[in-house]
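Novice: So I've got this file, entry_12.pdb, and it contains PDB, C-alpha atoms:
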```
MODEL        1
ATOM      1  CA  MET J   1     -12.911  83.654  38.885  1.00  0.00           C
ATOM      2  CA  SER J   2     -16.329  84.605  37.672  1.00  0.00           C
ATOM      3  CA  THR J   3     -19.593  83.621  39.228  1.00  0.00           C
ATOM      4  CA  PRO J   4     -22.374  82.611  36.865  1.00  0.00           C
ATOM      5  CA  THR J   5     -25.026  85.250  36.629  1.00  0.00           C
ATOM      6  CA  PRO J   6     -28.461  83.931  37.436  1.00  0.00           C
ATOM      7  CA  THR J   7     -30.868  84.236  34.564  1.00  0.00           C
ATOM      8  CA  VAL J   8     -34.361  85.474  34.963  1.00  0.00           C
ATOM      9  CA  GLY J   9     -36.601  82.432  34.833  1.00  0.00           C
ATOM     10  CA  ARG J  10     -37.697  82.040  31.251  1.00  0.00           C
ATOM     11  CA  ARG J  11     -40.587  79.723  30.903  1.00  0.00           C
ATOM     12  CA  THR J  12     -40.814  77.357  28.025  1.00  0.00           C
ATOM     13  CA  PRO J  13     -44.071  78.124  26.303  1.00  0.00           C
ATOM     14  CA  THR J  14     -46.525  75.274  26.487  1.00  0.00           C
ATOM     15  CA  PRO J  15     -48.356  74.498  23.293  1.00  0.00           C
ATOM     16  CA  PRO J  16     -52.016  75.438  23.311  1.00  0.00           C
ATOM     17  CA  PRO J  17     -54.370  72.550  23.979  1.00  0.00           C
ATOM     18  CA  PRO J  18     -55.739  70.979  20.822  1.00  0.00           C
ATOM     19  CA  THR J  19     -59.073  72.387  19.770  1.00  0.00           C
ATOM     20  CA  CYS J  20     -62.099  70.152  19.619  1.00  0.00           C
ATOM     21  CA  PRO J  21     -63.353  69.701  16.042  1.00  0.00           C
ATOM     22  CA  ALA J  22     -67.022  70.389  15.259  1.00  0.00           C
ATOM     23  CA  SER J  23     -67.658  66.624  15.173  1.00  0.00           C
ATOM     24  CA  GLY J  24     -66.605  66.347  18.826  1.00  0.00           C
ATOM     25  CA  ALA J  25     -64.317  63.461  17.864  1.00  0.00           C
ATOM     26  CA  MET J  26     -60.614  64.149  18.387  1.00  0.00           C
ATOM     27  CA  ILE J  27     -58.529  61.504  16.604  1.00  0.00           C
ATOM     28  CA  THR J  28     -54.904  60.738  17.368  1.00  0.00           C
ATOM     29  CA  ILE J  29     -52.723  58.257  15.518  1.00  0.00           C
ATOM     30  CA  GLY J  30     -50.101  56.406  17.551  1.00  0.00           C
ATOM     31  CA  PRO J  31     -46.569  55.555  16.529  1.00  0.00           C
ATOM     32  CA  VAL J  32     -45.859  52.612  14.237  1.00  0.00           C
ATOM     33  CA  GLU J  33     -45.310  49.417  16.228  1.00  0.00           C
ATOM     34  CA  PRO J  34     -43.127  46.847  14.368  1.00  0.00           C
ATOM     35  CA  ALA J  35     -43.109  43.048  14.766  1.00  0.00           C
ATOM     36  CA  LEU J  36     -41.342  40.573  12.439  1.00  0.00           C
ATOM     37  CA  GLY J  37     -42.192  42.331   9.186  1.00  0.00           C
ATOM     38  CA  HIS J  38     -45.624  43.399  10.420  1.00  0.00           C
ATOM     39  CA  ARG J  39     -46.612  46.911  11.437  1.00  0.00           C
ATOM     40  CA  ALA J  40     -49.541  48.571  13.197  1.00  0.00           C
ATOM     41  CA  VAL J  41     -50.728  51.913  14.505  1.00  0.00           C
ATOM     42  CA  VAL J  42     -53.435  52.461  17.081  1.00  0.00           C
ATOM     43  CA  LEU J  43     -56.116  55.019  16.319  1.00  0.00           C
ATOM     44  CA  LYS J  44     -57.652  56.750  19.324  1.00  0.00           C
ATOM     45  CA  LEU J  45     -60.900  58.686  19.102  1.00  0.00           C
ATOM     46  CA  THR J  46     -61.769  60.808  22.146  1.00  0.00           C
ATOM     47  CA  ASN J  47     -65.044  62.626  22.722  1.00  0.00           C
ATOM     48  CA  CYS J  48     -63.985  66.213  23.452  1.00  0.00           C
ATOM     49  CA  ARG J  49     -67.403  67.813  23.722  1.00  0.00           C
ATOM     50  CA  THR J  50     -70.007  67.786  26.472  1.00  0.00           C
ATOM     51  CA  ALA J  51     -72.677  65.784  24.639  1.00  0.00           C
ATOM     52  CA  PRO J  52     -72.116  62.051  24.069  1.00  0.00           C
ATOM     53  CA  ILE J  53     -71.046  60.848  20.624  1.00  0.00           C
ATOM     54  CA  THR J  54     -71.522  57.425  19.058  1.00  0.00           C
ATOM     55  CA  VAL J  55     -69.158  55.308  17.001  1.00  0.00           C
ATOM     56  CA  ASN J  56     -70.298  52.196  15.224  1.00  0.00           C
ATOM     57  CA  GLY J  57     -68.256  49.984  12.967  1.00  0.00           C
ATOM     58  CA  TYR J  58     -64.988  50.884  11.317  1.00  0.00           C
ATOM     59  CA  PRO J  59     -63.153  54.177  10.953  1.00  0.00           C
ATOM     60  CA  ASP J  60     -62.723  55.609   7.471  1.00  0.00           C
ATOM     61  CA  VAL J  61     -59.020  55.201   6.595  1.00  0.00           C
ATOM     62  CA  ALA J  62     -56.955  56.047   3.513  1.00  0.00           C
ATOM     63  CA  VAL J  63     -53.228  55.693   2.820  1.00  0.00           C
ATOM     64  CA  LEU J  64     -51.789  58.815   1.181  1.00  0.00           C
ATOM     65  CA  ASN J  65     -48.568  59.349  -0.757  1.00  0.00           C
ATOM     66  CA  ALA J  66     -46.071  62.173  -0.190  1.00  0.00           C
ATOM     67  CA  ARG J  67     -48.307  64.519  -2.231  1.00  0.00           C
ATOM     68  CA  ARG J  68     -51.239  63.639   0.060  1.00  0.00           C
ATOM     69  CA  ARG J  69     -53.048  61.821  -2.712  1.00  0.00           C
ATOM     70  CA  THR J  70     -54.978  58.627  -1.968  1.00  0.00           C
ATOM     71  CA  MET J  71     -53.033  55.517  -2.930  1.00  0.00           C
ATOM     72  CA  ASN J  72     -54.575  52.432  -4.536  1.00  0.00           C
ATOM     73  CA  VAL J  73     -54.502  50.298  -1.386  1.00  0.00           C
ATOM     74  CA  THR J  74     -56.917  47.571  -0.316  1.00  0.00           C
ATOM     75  CA  ILE J  75     -58.474  48.285   3.090  1.00  0.00           C
ATOM     76  CA  ALA J  76     -59.685  44.994   4.615  1.00  0.00           C
ATOM     77  CA  HIS J  77     -61.792  44.811   7.782  1.00  0.00           C
ATOM     78  CA  GLY J  78     -60.786  42.099  10.223  1.00  0.00           C
ATOM     79  CA  THR J  79     -58.113  40.506  12.363  1.00  0.00           C
ATOM     80  CA  SER J  80     -54.432  40.723  11.457  1.00  0.00           C
ATOM     81  CA  TYR J  81     -51.142  39.489  12.866  1.00  0.00           C
ATOM     82  CA  MET J  82     -51.022  42.634  15.016  1.00  0.00           C
ATOM     83  CA  ALA J  83     -54.626  43.098  16.230  1.00  0.00           C
ATOM     84  CA  ARG J  84     -57.812  41.108  16.746  1.00  0.00           C
ATOM     85  CA  ASP J  85     -60.956  42.648  15.334  1.00  0.00           C
ATOM     86  CA  PRO J  86     -63.811  42.734  17.869  1.00  0.00           C
ATOM     87  CA  GLY J  87     -66.296  43.380  15.046  1.00  0.00           C
ATOM     88  CA  PRO J  88     -68.587  46.366  14.708  1.00  0.00           C
ATOM     89  CA  THR J  89     -70.340  47.457  17.899  1.00  0.00           C
ATOM     90  CA  ARG J  90     -72.291  50.593  18.730  1.00  0.00           C
ATOM     91  CA  ILE J  91     -70.265  52.517  21.347  1.00  0.00           C
ATOM     92  CA  ARG J  92     -71.521  55.620  23.159  1.00  0.00           C
ATOM     93  CA  LEU J  93     -68.727  57.858  24.443  1.00  0.00           C
ATOM     94  CA  ARG J  94     -69.256  60.472  27.137  1.00  0.00           C
ATOM     95  CA  LYS J  95     -66.970  63.500  27.363  1.00  0.00           C
ATOM     96  CA  GLY J  96     -63.339  62.383  27.770  1.00  0.00           C
ATOM     97  CA  GLU J  97     -64.006  58.723  26.898  1.00  0.00           C
ATOM     98  CA  SER J  98     -62.127  57.062  24.037  1.00  0.00           C
ATOM     99  CA  ALA J  99     -62.495  54.269  21.504  1.00  0.00           C
ATOM    100  CA  LEU J 100     -59.611  52.493  19.756  1.00  0.00           C
ATOM    101  CA  ALA J 101     -59.033  50.870  16.372  1.00  0.00           C
ATOM    102  CA  ALA J 102     -55.897  49.463  14.735  1.00  0.00           C
ATOM    103  CA  VAL J 103     -54.483  49.772  11.225  1.00  0.00           C
ATOM    104  CA  SER J 104     -51.970  47.054  10.402  1.00  0.00           C
ATOM    105  CA  TRP J 105     -49.980  45.893   7.402  1.00  0.00           C
ATOM    106  CA  SER J 106     -47.135  43.600   6.375  1.00  0.00           C
ATOM    107  CA  SER J 107     -43.966  44.763   4.708  1.00  0.00           C
ATOM    108  CA  THR J 108     -43.983  41.712   2.454  1.00  0.00           C
ATOM    109  CA  VAL J 109     -42.310  41.594  -0.943  1.00  0.00           C
ATOM    110  CA  GLU J 110     -43.840  38.750  -2.965  1.00  0.00           C
ATOM    111  CA  VAL J 111     -42.394  39.447  -6.410  1.00  0.00           C
ATOM    112  CA  ALA J 112     -39.792  41.763  -7.879  1.00  0.00           C
ATOM    113  CA  GLU J 113     -42.068  44.747  -8.515  1.00  0.00           C
ATOM    114  CA  ASP J 114     -42.326  48.241  -7.210  1.00  0.00           C
ATOM    115  CA  LYS J 115     -42.888  48.423  -3.493  1.00  0.00           C
ATOM    116  CA  ALA J 116     -45.704  50.592  -2.154  1.00  0.00           C
ATOM    117  CA  SER J 117     -45.007  53.046   0.623  1.00  0.00           C
ATOM    118  CA  GLY J 118     -47.464  55.541   1.993  1.00  0.00           C
ATOM    119  CA  THR J 119     -46.411  58.712   3.768  1.00  0.00           C
ATOM    120  CA  TYR J 120     -49.630  59.694   5.573  1.00  0.00           C
ATOM    121  CA  LEU J 121     -52.794  58.154   6.984  1.00  0.00           C
ATOM    122  CA  ALA J 122     -56.116  59.961   6.684  1.00  0.00           C
ATOM    123  CA  VAL J 123     -58.524  58.868   9.430  1.00  0.00           C
ATOM    124  CA  ALA J 124     -62.121  59.868  10.146  1.00  0.00           C
ATOM    125  CA  ARG J 125     -64.663  58.547  12.650  1.00  0.00           C
ATOM    126  CA  HIS J 126     -66.799  57.437   9.703  1.00  0.00           C
ATOM    127  CA  ARG J 127     -67.179  58.103   5.983  1.00  0.00           C
ATOM    128  CA  GLY J 128     -68.198  61.648   5.159  1.00  0.00           C
ATOM    129  CA  GLU J 129     -66.456  63.258   8.115  1.00  0.00           C
ATOM    130  CA  ARG J 130     -63.360  65.406   7.649  1.00  0.00           C
ATOM    131  CA  PRO J 131     -60.272  63.207   8.229  1.00  0.00           C
ATOM    132  CA  VAL J 132     -57.257  63.847  10.395  1.00  0.00           C
ATOM    133  CA  ILE J 133     -54.079  63.499   8.324  1.00  0.00           C
ATOM    134  CA  SER J 134     -50.959  62.368  10.127  1.00  0.00           C
ATOM    135  CA  PRO J 135     -47.496  61.321   8.921  1.00  0.00           C
ATOM    136  CA  VAL J 136     -47.268  57.517   9.080  1.00  0.00           C
ATOM    137  CA  ASP J 137     -44.699  55.575   7.042  1.00  0.00           C
ATOM    138  CA  THR J 138     -46.607  52.596   5.678  1.00  0.00           C
ATOM    139  CA  ASP J 139     -44.042  50.335   4.040  1.00  0.00           C
ATOM    140  CA  LEU J 140     -46.554  47.998   2.374  1.00  0.00           C
ATOM    141  CA  GLY J 141     -44.068  45.977   0.341  1.00  0.00           C
ATOM    142  CA  THR J 142     -45.840  44.628  -2.751  1.00  0.00           C
ATOM    143  CA  THR J 143     -49.085  43.702  -0.980  1.00  0.00           C
ATOM    144  CA  ALA J 144     -50.708  47.178  -1.117  1.00  0.00           C
ATOM    145  CA  LYS J 145     -53.066  46.059   1.663  1.00  0.00           C
ATOM    146  CA  VAL J 146     -53.884  47.238   5.178  1.00  0.00           C
ATOM    147  CA  THR J 147     -56.171  45.603   7.713  1.00  0.00           C
ATOM    148  CA  LEU J 148     -58.464  47.668   9.902  1.00  0.00           C
ATOM    149  CA  THR J 149     -60.247  46.747  13.130  1.00  0.00           C
ATOM    150  CA  ALA J 150     -63.565  48.176  14.265  1.00  0.00           C
ATOM    151  CA  TRP J 151     -63.740  50.813  16.969  1.00  0.00           C
ATOM    152  CA  CYS J 152     -63.632  49.221  20.427  1.00  0.00           C
ATOM    153  CA  LEU J 153     -63.230  50.260  24.062  1.00  0.00           C
ATOM    154  CA  LYS J 154     -60.218  47.967  24.472  1.00  0.00           C
ATOM    155  CA  PHE J 155     -58.572  45.383  22.276  1.00  0.00           C
ATOM    156  CA  PRO J 156     -59.619  41.776  22.938  1.00  0.00           C
ATOM    157  CA  ASN J 157     -56.906  39.413  24.203  1.00  0.00           C
TER     158      ASN J 157
ENDMDL
END
```
As structure tokens, how would this structure be written, given the file I've shared?
Specialist:
Amino acid sequence: MSTPTPTVGRRTPTPPPPTCPASGAMITIGPVEPALGHRAVVLKLTNCRTAPITVNGYPDVAVLNARRRTMNVTIAHGTSYMARDPGPTRIRLRKGESALAAVSWSSTVEVAEDKASGTYLAVARHRGERPVISPVDTDLGTTAKVTLTAWCLKFPN
């Protein structure tokens, strides 16, 4: 009968903390939330630098294909089945504070044509800033449209 030999405690390496981009705005893109043919992802922007940052209005969003090329998709600002749009508001974020926005779409097939599906979302705090690119399956059906809410501190009920 053999006794198991204890192993020297090997520690699982922890990934390094994400680095704060020069803009001070760290953006994360949540998982896709499904609901009766509708989909949405929550965008979270966190101020990761000491000085306050300001967001105002809508994030800059693009749907990209598998080659990371921008797809011909309509980006509408407003309320959707999945999220109410609070409208553009100037928000000042201190270090560690976050703002949210939602990207939503419907997987609707209206006619027998090619369906559009994106592979990535490119998201920036505002136009002209370097976007974060994250894998997000956007099964747009034949609508080729996403709806975007403005940045907000919390989603309205």
Novice: Around (-69.7, 53.4, 8.7) in the file's frame, which residues reach within 12 Å when counting all atoms listed in the file? Return as a PyMOL selection string?
Specialist: chain J and resi 54-61+77+88-90+124-129+150-151
Novice: Check what the PyMOL selection byres ((chain J and resi 68) around 10) selects in the file above and give those residues as a PyMOL selection string.
Specialist: chain J and resi 63-67+69-71+118-122+133+135
Novice: If the PyMOL selection byres ((chain J and resi 98) around 9) is run on the structure shown, which residues does it catch, given as a tab-separated table (two decimals) with C-alpha atoms, in the coordinates of the input?
Specialist:
```tsv
chain	number	residue	atom	x	y	z
J	44	LYS	CA	-57.65	56.75	19.32
J	45	LEU	CA	-60.90	58.69	19.10
J	46	THR	CA	-61.77	60.81	22.15
J	47	ASN	CA	-65.04	62.63	22.72
J	93	LEU	CA	-68.73	57.86	24.44
J	94	ARG	CA	-69.26	60.47	27.14
J	95	LYS	CA	-66.97	63.50	27.36
J	96	GLY	CA	-63.34	62.38	27.77
J	97	GLU	CA	-64.01	58.72	26.90
J	99	ALA	CA	-62.50	54.27	21.50
J	100	LEU	CA	-59.61	52.49	19.76
J	152	CYS	CA	-63.63	49.22	20.43
J	153	LEU	CA	-63.23	50.26	24.06
```
Novice: Leaving out Leu140 in chain J and any residue of its chain fewer than 6 positions from it, which residues lie within 9 Å of it when counting only C-alpha atoms, given as a compact mmCIF listing (two decimals) with C-alpha atoms, in the coordinates of the input?
Specialist:
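Printed below is out_15.txt as written:
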```
# COMPACT_ATOMS: atom_id res chain seq x y z
CA TRP J 105 -49.98 45.89 7.40
CA SER J 106 -47.14 43.60 6.38
CA SER J 107 -43.97 44.76 4.71
CA THR J 108 -43.98 41.71 2.45
CA VAL J 109 -42.31 41.59 -0.94
CA LYS J 115 -42.89 48.42 -3.49
CA ALA J 116 -45.70 50.59 -2.15
CA SER J 117 -45.01 53.05 0.62
CA GLY J 118 -47.46 55.54 1.99
CA VAL J 146 -53.88 47.24 5.18
```
Novice: When you draw a straight line from CA of Gly87 in chain J to CA of Phe155 in chain J, how long is it in Å?
Specialist: 10.8 Å
Novice: Rank J:Ser104, J:Thr143, J:Thr19, J:Asn72 by their smallest atom-to-atom distance to Val41 in chain J, using all atoms listed in the file, and report the top residue only.
Specialist: J:Ser104
Novice: Do you have the CA of Ala40 in chain J-CA of Met82 in chain J distance handy?
Specialist: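 Interatomic distance here is 6.4 Å.
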Novice: Identify, on the basis of all atoms listed in the file, every residue whose closest approach to Ala22 in chain J does not exceed 12 Å; exclude the query and any residue fewer than 3 positions from it along the same chain; express the result as a ChimeraX atom specification.
Specialist: /J:19,25-26,47-51,53,129-130
Novice: So how many Å separate CA of Gly37 in chain J and CA of Tyr81 in chain J, to one decimal?
Specialist: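 Between CA of Gly37 in chain J and CA of Tyr81 in chain J the gap is 10.1 Å.
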Novice: So that all listed atoms of range 130-144 of chain J fit with 5 Å spare on each side, what axis-aligned box centre and edge lengths in Å, to one decimal, would you give as JSON?
Specialist:
```
{"center_x": -53.7, "center_y": 54.6, "center_z": 3.8, "size_x": 29.3, "size_y": 31.7, "size_z": 23.1}
```
Novice: For Thr79 in chain J, which residue among J:Val32, J:Val123, J:Ala62, J:Val103 is the nearest when counting only C-alpha atoms?
Specialist: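 Using only C-alpha atoms, Thr79 in chain J sits closest to J:Val103.
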Novice: With all atoms listed in the file as the atoms that count, which of J:Pro86, J:Gly78, J:Pro131, J:Gly141 lies nearest to Ser23 in chain J?
Specialist: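 Of J:Pro86, J:Gly78, J:Pro131, J:Gly141, the one nearest Ser23 in chain J, counting all atoms listed in the file, is J:Pro131.
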Novice: Given the choices J:Thr149, J:Thr74, J:Lys154, J:Leu43, which gets closest to Pro31 in chain J if the distance is worked out from all atoms listed in the file?
Specialist: J:Leu43
Novice: For Ile29 in chain J, which of J:Thr142, J:Thr147, J:Ser134, J:Ser80 is the closest residue, counting all atoms listed in the file?
Specialist: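 Result for the nearest residue to Ile29 in chain J: J:Ser134.
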